[in-house]
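So this one's structure18.cif, mmCIF, C-alpha atoms and all ligand atoms:
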data_target
loop_
_atom_site.label_atom_id
_atom_site.label_comp_id
_atom_site.auth_asym_id
_atom_site.auth_seq_id
_atom_site.Cartn_x
_atom_site.Cartn_y
_atom_site.Cartn_z
CA MET N 1 20.48 -23.41 3.94
CA LYS N 2 23.04 -20.67 3.27
CA GLU N 3 24.17 -19.54 -0.19
CA ILE N 4 27.88 -18.74 -0.04
CA ARG N 5 29.76 -17.44 -3.05
CA LEU N 6 33.39 -18.19 -3.85
CA PHE N 7 34.87 -14.69 -4.20
CA LYS N 8 33.50 -11.23 -3.63
CA PRO N 9 35.20 -7.87 -4.11
CA SER N 10 35.06 -5.52 -1.08
CA VAL N 11 33.99 -2.25 -2.61
CA GLY N 12 31.78 0.46 -1.16
CA LYS N 13 31.11 4.14 -0.81
CA GLU N 14 34.79 5.14 -0.57
CA GLU N 15 35.44 3.71 -4.04
CA LEU N 16 32.26 5.36 -5.33
CA GLN N 17 33.39 8.74 -3.97
CA SER N 18 36.75 8.30 -5.62
CA ILE N 19 35.10 7.51 -8.97
CA GLN N 20 32.85 10.52 -8.44
CA SER N 21 35.90 12.78 -8.18
CA ALA N 22 37.17 11.39 -11.52
CA PHE N 23 33.72 12.21 -12.96
CA ASP N 24 33.93 15.71 -11.49
CA ARG N 25 37.30 16.26 -13.14
CA ALA N 26 35.80 14.71 -16.30
CA TRP N 27 39.07 12.94 -17.08
CA LEU N 28 38.42 9.22 -17.20
CA GLY N 29 41.19 7.84 -19.41
CA LEU N 30 44.93 7.50 -18.83
CA GLY N 31 45.70 10.48 -16.63
CA PRO N 32 46.97 11.80 -13.29
CA LYS N 33 45.20 9.18 -11.17
CA VAL N 34 47.05 6.38 -12.96
CA LEU N 35 50.33 8.17 -12.25
CA GLU N 36 49.38 8.64 -8.59
CA PHE N 37 48.36 5.01 -8.24
CA GLU N 38 51.61 3.84 -9.87
CA GLN N 39 53.64 5.92 -7.41
CA LYS N 40 51.68 4.81 -4.37
CA TRP N 41 51.85 1.18 -5.47
CA SER N 42 55.65 1.41 -5.92
CA GLU N 43 56.00 2.92 -2.44
CA PHE N 44 53.73 0.26 -0.96
CA ILE N 45 55.60 -2.76 -2.30
CA GLY N 46 59.00 -1.05 -2.25
CA SER N 47 59.90 -1.07 -5.93
CA GLY N 48 61.60 1.58 -8.07
CA ALA N 49 58.76 2.14 -10.52
CA SER N 50 55.44 0.75 -11.74
CA VAL N 51 53.38 0.88 -14.92
CA GLY N 52 49.58 0.55 -14.70
CA VAL N 53 47.92 -1.66 -17.30
CA ASN N 54 44.45 -3.08 -17.90
CA SER N 55 45.19 -6.64 -16.70
CA CYS N 56 47.87 -8.92 -15.33
CA THR N 57 47.75 -10.71 -18.68
CA ALA N 58 48.88 -7.46 -20.33
CA ALA N 59 51.46 -6.96 -17.56
CA LEU N 60 52.99 -10.40 -18.18
CA HIS N 61 53.01 -9.85 -21.94
CA LEU N 62 54.79 -6.48 -21.68
CA ALA N 63 57.16 -7.60 -18.90
CA LEU N 64 58.50 -10.42 -21.03
CA SER N 65 58.70 -8.15 -24.10
CA ALA N 66 61.00 -5.77 -22.18
CA TYR N 67 63.95 -8.11 -22.71
CA ARG N 68 63.54 -8.43 -26.49
CA PHE N 69 64.50 -12.07 -26.37
CA PRO N 70 65.14 -13.58 -29.81
CA LYS N 71 62.15 -15.44 -31.25
CA GLY N 72 61.99 -19.10 -30.27
CA LYS N 73 63.96 -18.82 -27.01
CA LYS N 74 62.53 -20.77 -24.08
CA VAL N 75 60.77 -19.60 -20.93
CA LEU N 76 60.26 -21.82 -17.88
CA VAL N 77 56.75 -21.73 -16.44
CA PRO N 78 54.84 -23.89 -13.92
CA VAL N 79 52.35 -26.20 -15.61
CA MET N 80 49.67 -25.52 -12.99
CA THR N 81 48.77 -21.87 -13.43
CA PHE N 82 46.19 -19.71 -15.16
CA ALA N 83 46.55 -19.59 -18.94
CA SER N 84 47.83 -15.99 -18.97
CA THR N 85 51.26 -16.88 -17.55
CA ALA N 86 51.99 -19.14 -20.51
CA MET N 87 50.03 -17.03 -23.03
CA ALA N 88 52.48 -14.19 -22.37
CA ILE N 89 55.26 -16.48 -23.60
CA LEU N 90 53.40 -17.27 -26.84
CA TYR N 91 52.50 -13.58 -27.40
CA ASN N 92 56.25 -12.89 -27.41
CA GLN N 93 56.92 -15.69 -29.91
CA LEU N 94 58.87 -17.59 -27.30
CA GLU N 95 58.45 -21.22 -26.31
CA PRO N 96 57.05 -22.36 -22.96
CA VAL N 97 58.91 -25.07 -21.06
CA PHE N 98 56.44 -26.51 -18.56
CA VAL N 99 57.86 -27.25 -15.14
CA ASP N 100 56.22 -29.49 -12.53
CA VAL N 101 54.95 -28.09 -9.24
CA ASP N 102 56.26 -28.64 -5.75
CA GLU N 103 54.26 -31.36 -3.99
CA HIS N 104 53.66 -29.20 -0.89
CA THR N 105 53.56 -25.55 -1.97
CA LEU N 106 52.08 -26.15 -5.45
CA GLY N 107 54.46 -23.45 -6.74
CA ILE N 108 57.12 -24.15 -9.35
CA SER N 109 59.30 -27.12 -8.35
CA LEU N 110 62.89 -25.91 -7.97
CA LYS N 111 64.09 -29.47 -8.50
CA ASP N 112 62.21 -29.89 -11.78
CA LEU N 113 63.21 -26.35 -12.80
CA ASP N 114 66.82 -27.42 -12.68
CA GLN N 115 66.04 -30.58 -14.65
CA LYS N 116 64.09 -28.75 -17.36
CA TYR N 117 66.65 -25.96 -17.77
CA THR N 118 68.70 -25.83 -20.96
CA LYS N 119 70.95 -23.10 -22.36
CA GLU N 120 68.04 -21.99 -24.57
CA CYS N 121 66.09 -20.86 -21.47
CA VAL N 122 66.13 -17.08 -21.03
CA ALA N 123 63.51 -16.48 -18.33
CA VAL N 124 61.42 -18.12 -15.61
CA MET N 125 57.95 -17.05 -14.48
CA PRO N 126 57.25 -18.27 -10.93
CA VAL N 127 53.63 -18.03 -9.77
CA HIS N 128 52.86 -17.54 -6.07
CA PHE N 129 50.13 -20.14 -6.22
CA ALA N 130 47.02 -19.19 -4.20
CA GLY N 131 49.25 -16.48 -2.72
CA HIS N 132 51.71 -18.93 -1.17
CA PRO N 133 55.24 -17.59 -1.77
CA VAL N 134 57.71 -19.40 -3.98
CA GLN N 135 61.06 -19.74 -2.17
CA MET N 136 62.37 -16.65 -3.93
CA ASP N 137 65.79 -16.56 -2.24
CA GLN N 138 66.61 -19.98 -3.68
CA LEU N 139 65.02 -19.26 -7.05
CA MET N 140 66.90 -15.95 -7.46
CA ALA N 141 70.24 -17.55 -6.63
CA TRP N 142 69.52 -20.29 -9.17
CA ALA N 143 68.44 -17.79 -11.87
CA LYS N 144 71.35 -15.38 -11.33
CA ALA N 145 73.87 -18.17 -11.72
CA ARG N 146 72.38 -18.95 -15.16
CA HIS N 147 71.61 -15.35 -16.29
CA VAL N 148 67.94 -16.26 -16.43
CA LYS N 149 65.51 -13.34 -15.96
CA VAL N 150 62.79 -13.73 -13.34
CA ILE N 151 59.28 -12.40 -13.91
CA GLU N 152 57.10 -12.99 -10.86
CA ASP N 153 53.44 -13.66 -11.58
CA CYS N 154 51.85 -12.09 -8.48
CA ALA N 155 48.24 -12.38 -9.69
CA HIS N 156 47.35 -14.31 -6.52
CA THR N 157 48.97 -11.96 -4.06
CA ALA N 158 49.13 -8.21 -3.33
CA GLY N 159 51.15 -7.06 -0.38
CA GLY N 160 52.33 -10.54 0.63
CA LYS N 161 55.92 -10.93 1.81
CA TYR N 162 58.51 -13.67 1.77
CA LYS N 163 61.26 -13.36 4.41
CA GLY N 164 60.20 -9.75 5.03
CA LYS N 165 60.47 -8.66 1.37
CA SER N 166 57.40 -7.97 -0.77
CA LEU N 167 56.50 -10.54 -3.38
CA GLY N 168 56.95 -8.93 -6.78
CA THR N 169 60.19 -7.23 -5.69
CA TRP N 170 62.33 -10.37 -5.55
CA GLY N 171 62.42 -10.95 -9.29
CA ASP N 172 63.53 -8.64 -12.09
CA ILE N 173 59.90 -7.68 -12.72
CA GLY N 174 56.70 -8.31 -10.74
CA CYS N 175 53.25 -8.46 -12.37
CA PHE N 176 50.02 -7.97 -10.40
CA SER N 177 46.32 -8.49 -11.07
CA PHE N 178 43.52 -6.21 -9.91
CA GLU N 179 40.83 -8.26 -11.59
CA GLU N 180 37.59 -8.31 -9.58
CA LYS N 181 38.22 -11.56 -7.68
CA LYS N 182 41.77 -10.78 -6.60
CA CYS N 183 43.24 -9.55 -3.27
CA MET N 184 42.40 -6.00 -4.32
CA THR N 185 40.58 -4.84 -7.41
CA THR N 186 40.14 -2.09 -9.97
CA GLY N 187 37.43 -4.05 -11.80
CA ASP N 188 40.03 -5.29 -14.24
CA GLY N 189 43.57 -4.04 -14.06
CA GLY N 190 47.20 -4.88 -13.55
CA MET N 191 50.58 -3.46 -12.59
CA ILE N 192 54.16 -4.02 -13.71
CA SER N 193 56.77 -3.20 -11.06
CA SER N 194 60.54 -3.21 -11.13
CA ASP N 195 63.58 -1.53 -9.59
CA ASP N 196 64.97 -1.13 -13.10
CA GLN N 197 63.33 2.10 -14.25
CA GLU N 198 65.09 2.05 -17.63
CA LEU N 199 63.65 -1.37 -18.34
CA LEU N 200 60.11 -0.11 -17.66
CA LYS N 201 60.42 3.08 -19.76
CA PRO N 202 59.62 1.51 -23.15
CA LEU N 203 56.69 -0.34 -21.52
CA ARG N 204 55.02 3.02 -20.77
CA HIS N 205 54.88 3.57 -24.53
CA ALA N 206 54.05 -0.03 -25.35
CA ARG N 207 50.94 0.09 -23.14
CA TRP N 208 49.70 3.12 -25.12
CA VAL N 209 49.93 1.85 -28.71
CA GLY N 210 53.64 2.70 -28.86
CA ILE N 211 53.03 6.47 -28.56
CA ASN N 212 55.94 8.24 -26.86
CA LYS N 213 53.73 10.91 -25.25
CA ASP N 214 50.38 9.99 -23.79
CA THR N 215 47.23 12.14 -23.99
CA TRP N 216 47.71 13.46 -20.45
CA GLU N 217 51.28 14.55 -21.17
CA ARG N 218 50.12 16.30 -24.35
CA HIS N 219 47.27 17.92 -22.42
CA MET N 220 49.75 19.23 -19.84
CA ASP N 221 51.99 20.55 -22.65
CA ASN N 222 49.02 22.41 -24.04
CA GLY N 223 48.85 24.84 -21.11
CA VAL N 224 47.95 28.52 -21.45
CA GLY N 225 51.58 29.57 -21.74
CA ASN N 226 52.32 27.20 -24.61
CA LEU N 227 51.88 29.02 -27.89
CA GLU N 228 53.62 26.36 -29.95
CA ALA N 229 51.48 24.64 -32.54
CA ASN N 230 53.05 21.23 -32.18
CA HIS N 231 51.69 20.13 -28.78
CA TRP N 232 49.82 17.41 -30.69
CA TYR N 233 53.02 15.83 -31.97
CA TYR N 234 54.11 12.35 -30.92
CA GLU N 235 56.17 9.57 -32.38
CA ILE N 236 55.68 5.83 -32.63
CA SER N 237 58.89 3.87 -32.98
CA GLU N 238 57.82 0.48 -31.72
CA LEU N 239 54.94 -1.93 -31.72
CA GLY N 240 52.48 -1.06 -28.96
CA TYR N 241 49.18 -2.24 -27.52
CA LYS N 242 46.06 -0.66 -26.07
CA TYR N 243 46.87 -1.94 -22.59
CA ASN N 244 46.75 1.23 -20.46
CA MET N 245 45.08 1.52 -17.08
CA ASN N 246 42.63 4.44 -16.92
CA ASP N 247 41.73 7.02 -14.26
CA LEU N 248 38.50 5.25 -13.33
CA MET N 249 40.40 2.06 -12.52
CA ALA N 250 43.12 3.99 -10.69
CA SER N 251 40.49 5.87 -8.65
CA ILE N 252 39.20 2.55 -7.37
CA GLY N 253 42.74 1.20 -6.96
CA LEU N 254 43.89 4.10 -4.77
CA VAL N 255 41.08 3.39 -2.29
CA GLN N 256 41.58 -0.38 -2.44
CA LEU N 257 45.27 0.09 -1.73
CA GLN N 258 44.40 1.92 1.50
CA LYS N 259 42.20 -1.03 2.49
CA LEU N 260 44.62 -3.73 1.39
CA GLU N 261 46.43 -4.30 4.69
CA LYS N 262 43.12 -4.64 6.49
CA MET N 263 41.77 -7.01 3.82
CA ASN N 264 44.92 -9.15 3.99
CA ARG N 265 44.73 -9.37 7.79
CA ARG N 266 41.05 -10.30 7.53
CA ARG N 267 41.89 -13.07 5.04
CA GLU N 268 44.49 -14.34 7.53
CA ALA N 269 41.86 -14.41 10.31
CA LEU N 270 39.44 -16.29 8.06
CA LEU N 271 42.09 -18.78 6.99
CA HIS N 272 43.03 -19.31 10.63
CA ARG N 273 39.39 -20.12 11.38
CA TYR N 274 39.28 -22.62 8.51
CA LEU N 275 42.58 -24.31 9.40
CA SER N 276 41.95 -24.58 13.12
CA GLY N 277 38.43 -25.93 12.54
CA MET N 278 39.32 -28.67 10.08
CA ARG N 279 39.10 -32.22 11.37
CA LYS N 280 42.68 -33.49 11.65
CA GLU N 281 42.00 -36.97 10.32
CA GLY N 282 39.32 -35.82 7.87
CA ALA N 283 39.13 -36.43 4.13
CA VAL N 284 39.76 -32.74 3.40
CA LYS N 285 43.27 -31.30 3.79
CA ALA N 286 44.67 -27.80 3.26
CA ALA N 287 46.21 -27.64 -0.22
CA VAL N 288 49.23 -25.50 0.66
CA PRO N 289 51.10 -24.93 3.96
CA TYR N 290 49.40 -21.60 4.75
CA VAL N 291 51.71 -19.29 6.73
CA LEU N 292 49.50 -16.66 8.31
CA ARG N 293 51.97 -13.83 8.82
CA ASP N 294 52.79 -11.02 6.36
CA SER N 295 50.61 -12.95 3.93
CA SER N 296 48.30 -12.07 1.10
CA TYR N 297 46.48 -15.23 0.13
CA TRP N 298 43.98 -15.01 -2.66
CA ALA N 299 42.30 -18.40 -2.26
CA PHE N 300 41.57 -21.14 0.22
CA MET N 301 42.32 -24.42 -1.51
CA VAL N 302 41.96 -27.95 -0.19
CA ARG N 303 42.90 -31.42 -1.39
CA VAL N 304 40.17 -34.08 -1.46
CA LYS N 305 40.63 -37.50 -3.01
CA GLU N 306 36.99 -37.85 -4.07
CA ARG N 307 36.74 -34.40 -5.57
CA ASN N 308 33.55 -34.71 -7.57
CA ARG N 309 31.56 -36.13 -4.69
CA PHE N 310 32.90 -33.36 -2.43
CA ILE N 311 31.96 -30.62 -4.92
CA ILE N 312 28.43 -32.01 -5.23
CA GLU N 313 28.06 -32.24 -1.46
CA MET N 314 29.18 -28.62 -1.11
CA LYS N 315 26.70 -27.62 -3.83
CA GLU N 316 23.92 -29.36 -1.95
CA ASN N 317 24.84 -27.15 1.02
CA GLY N 318 24.80 -23.95 -1.05
CA ILE N 319 28.61 -23.59 -0.91
CA ALA N 320 30.30 -22.44 -4.12
CA THR N 321 33.53 -24.19 -5.13
CA GLY N 322 36.07 -23.88 -7.92
CA VAL N 323 39.06 -25.77 -9.33
CA HIS N 324 42.38 -23.98 -9.88
CA TYR N 325 43.89 -25.24 -12.18
CA MET N 326 43.89 -28.02 -14.71
CA PRO N 327 47.55 -28.32 -15.87
CA LEU N 328 47.95 -26.19 -18.98
CA THR N 329 49.32 -29.02 -21.11
CA LEU N 330 45.94 -30.76 -20.83
CA HIS N 331 44.52 -27.95 -23.00
CA PRO N 332 44.76 -28.46 -26.78
CA LEU N 333 46.69 -25.19 -27.28
CA PHE N 334 49.55 -26.27 -25.02
CA LEU N 335 49.52 -29.99 -25.79
CA ARG N 336 52.51 -29.71 -28.12
CA TYR N 337 54.63 -28.36 -25.26
CA GLN N 338 53.77 -31.25 -22.95
CA SER N 339 56.60 -32.37 -20.66
CA ASP N 340 56.93 -34.76 -17.75
CA THR N 341 55.00 -33.15 -14.85
CA PRO N 342 53.72 -36.10 -12.79
CA ILE N 343 53.04 -34.18 -9.56
CA ALA N 344 50.75 -31.58 -11.17
CA TYR N 345 48.95 -34.29 -13.17
CA ARG N 346 48.22 -36.18 -9.96
CA VAL N 347 47.57 -33.34 -7.50
CA TRP N 348 45.28 -31.14 -9.59
CA LYS N 349 42.63 -33.88 -9.57
CA GLU N 350 42.28 -33.37 -5.81
CA LEU N 351 42.16 -29.58 -5.72
CA VAL N 352 39.08 -27.66 -4.69
CA THR N 353 38.83 -23.93 -3.98
CA LEU N 354 36.46 -22.88 -1.19
CA PRO N 355 35.00 -19.44 -0.39
CA LEU N 356 37.42 -16.74 0.75
CA PHE N 357 36.84 -13.00 0.69
CA PRO N 358 37.09 -10.30 3.38
CA GLU N 359 33.34 -10.02 3.96
CA LEU N 360 32.95 -13.74 4.61
CA SER N 361 31.79 -14.18 8.23
CA PHE N 362 33.08 -16.60 10.89
CA ASP N 363 29.53 -17.98 11.03
CA GLU N 364 29.70 -18.78 7.34
CA ILE N 365 33.10 -20.43 7.78
CA ASP N 366 31.74 -22.54 10.64
CA TYR N 367 28.88 -23.57 8.36
CA ILE N 368 31.35 -24.53 5.58
CA LEU N 369 33.51 -26.35 8.15
CA SER N 370 30.62 -28.47 9.32
CA ALA N 371 29.95 -29.49 5.71
CA MET N 372 33.66 -30.17 5.14
CA ASN N 373 34.12 -32.11 8.36
CA GLY N 374 30.99 -34.13 7.69
CA PHE N 375 32.38 -35.28 4.35
CA GLN N 376 33.50 -38.90 4.70
C1 LIG W 401 48.27 -16.91 -12.01
C2 LIG W 401 47.57 -15.89 -12.83
N1 LIG W 401 48.27 -15.13 -13.68
C3 LIG W 401 47.68 -14.19 -14.44
C4 LIG W 401 46.34 -13.95 -14.38
C5 LIG W 401 45.72 -12.94 -15.26
O1 LIG W 401 45.20 -11.87 -14.55
P1 LIG W 401 44.22 -10.84 -15.25
O2 LIG W 401 42.84 -11.40 -15.15
O3 LIG W 401 44.38 -9.58 -14.44
O4 LIG W 401 44.67 -10.67 -16.65
C6 LIG W 401 45.54 -14.71 -13.49
C7 LIG W 401 44.10 -14.47 -13.40
O5 LIG W 401 43.37 -15.11 -12.71
C8 LIG W 401 46.18 -15.70 -12.70
O6 LIG W 401 45.47 -16.46 -11.86
#

Please re-express this file's structure in structure tokens.
Amino acid sequence: MKEIRLFKPSVGKEELQSIQSAFDRAWLGLGPKVLEFEQKWSEFIGSGASVGVNSCTAALHLALSAYRFPKGKKVLVPVMTFASTAMAILYNQLEPVFVDVDEHTLGISLKDLDQKYTKECVAVMPVHFAGHPVQMDQLMAWAKARHVKVIEDCAHTAGGKYKGKSLGTWGDIGCFSFEEKKCMTTGDGGMISSDDQELLKPLRHARWVGINKDTWERHMDNGVGNLEANHWYYEISELGYKYNMNDLMASIGLVQLQKLEKMNRRREALLHRYLSGMRKEGAVKAAVPYVLRDSSYWAFMVRVKERNRFIIEMKENGIATGVHYMPLTLHPLFLRYQSDTPIAYRVWKELVTLPLFPELSFDEIDYILSAMNGFQ
């Protein structure tokens, strides 16, 4: 029997060498590597600027804070997402409005979005669920007409495109996750990207406890030629957080970014193997309509009516599974914001996540397929 894990980061000697060079420079904190990674990331996705942070949770928190929305305003968010998307709303003392998901894509339902919208709504946070793109052209047109800001939660995708344009560059701000299980990793880490450089400026301070000059900038100011005594001086004008990315993370990120295209293409090949090997009339169906071109899917999800029995059968075969996600309003914290989301409440009970990571082999997929196809 095989033992197959659910996710696995693809890291090796190139990342180690890159970390070694940070060790050699003996600058591990927020420094030049973060700056370099931010620039390369912006070039890669085609956005004006980026700010490196220590998680996508931090990215979502800061992105929403950029607009300084008055306390108590409402933010539209899909009910079936990881907690961080909605937590970011609470961190900003705003109120989440939970929107149902689309039956087929499992992303935010544009129909329900329109139904849940009120004049109190100031922003919407679409999530590209499993890496499957939300129909951003339609969403942007809808949001622009209502002056609603769009913050894309791209935690499940890195380098994926919709209609030829990178996910994370459709909205006003895009937030990415480099947590260890994601499409690319820095251990933990995140990125905020936007074309609006002015909007991002205060976030550079906010990620560094509100300080208007980070340690690296002060270090650079303290060069041999600088005989001023006040190189240490900085100001704090606004509330900030200890959310910065550091040079160790960025060292890994720069190497991962070079590998990202290859990893995304490998995920496409693996998904193709899964989808073409699944029994057409079987009890297990693909959870989203995977489009294997220009994609960056984080997870392979299926729908199975008898979920528990399926999970146990996979376990008996040494195949790890997961469930993403229980609708947030089923958690006590979000219960008070419960709204009518019948599709998510029905569909999530059928969702199972199966192994997907670049180093997964076709042999392993065939083994998983035989277990899946044998499930009656
Ligand atoms: C949809 C979504 N948003 C945000 C996050 C938070 O990402 P991070 O772990 O980098 O904070 C996750 C993490 O899994 C996620 O799945």

(message) Quick check, in Å to one decimal: how far apart do atom CA of Leu369 of chain N and atom C3 of ligand LIG 401 (chain W) lie?
(response) 29.3 Å

List as a PDB file with C-alpha atoms, in the coordinates of the input the protein and nucleic acid residues near Val323 of chain N, meaning an atom at most 10 Å away when all atoms listed in the file are counted, but skip any in the same chain fewer than 6 places from it.
ATOM      1  CA  MET N 301      42.320 -24.420  -1.510  1.00  0.00           C
ATOM      2  CA  VAL N 302      41.960 -27.950  -0.190  1.00  0.00           C
ATOM      3  CA  ARG N 307      36.740 -34.400  -5.570  1.00  0.00           C
ATOM      4  CA  ILE N 311      31.960 -30.620  -4.920  1.00  0.00           C
ATOM      5  CA  TRP N 348      45.280 -31.140  -9.590  1.00  0.00           C
ATOM      6  CA  LYS N 349      42.630 -33.880  -9.570  1.00  0.00           C
ATOM      7  CA  GLU N 350      42.280 -33.370  -5.810  1.00  0.00           C
ATOM      8  CA  LEU N 351      42.160 -29.580  -5.720  1.00  0.00           C
ATOM      9  CA  VAL N 352      39.080 -27.660  -4.690  1.00  0.00           C
ATOM     10  CA  THR N 353      38.830 -23.930  -3.980  1.00  0.00           C
ATOM     11  CA  LEU N 354      36.460 -22.880  -1.190  1.00  0.00           C
TER      12      LEU N 354
END

Hey, which bits of segment 306-371 of chain N sit within 8 Å of segment 97-106 of chain N, and for each residue what's the closest pair of atoms and how far apart in Å (one decimal), counting only C-alpha atoms, rows by chain and increasing number, as a tab-separated table?
residue	atom	partner	partner_atom	distance
N:Thr329	CA	N:Phe98	CA	8.0
N:Tyr337	CA	N:Val97	CA	6.8
N:Gln338	CA	N:Phe98	CA	7.0
N:Ser339	CA	N:Phe98	CA	6.2
N:Asp340	CA	N:Asp100	CA	7.5
N:Thr341	CA	N:Asp100	CA	4.5
N:Pro342	CA	N:Asp100	CA	7.1
N:Ile343	CA	N:Glu103	CA	6.4
N:Ala344	CA	N:Val101	CA	5.8
N:Val347	CA	N:Glu103	CA	7.8

(message) Quick check, in Å to one decimal: how far apart do atom CA of Val124 of chain N and atom CA of Lys40 of chain N lie?
(response)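 Interatomic distance here is 27.3 Å.
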
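The space separating atom CA of Gly168 of chain N from atom CA of Glu152 of chain N comes to 5.8 Å.
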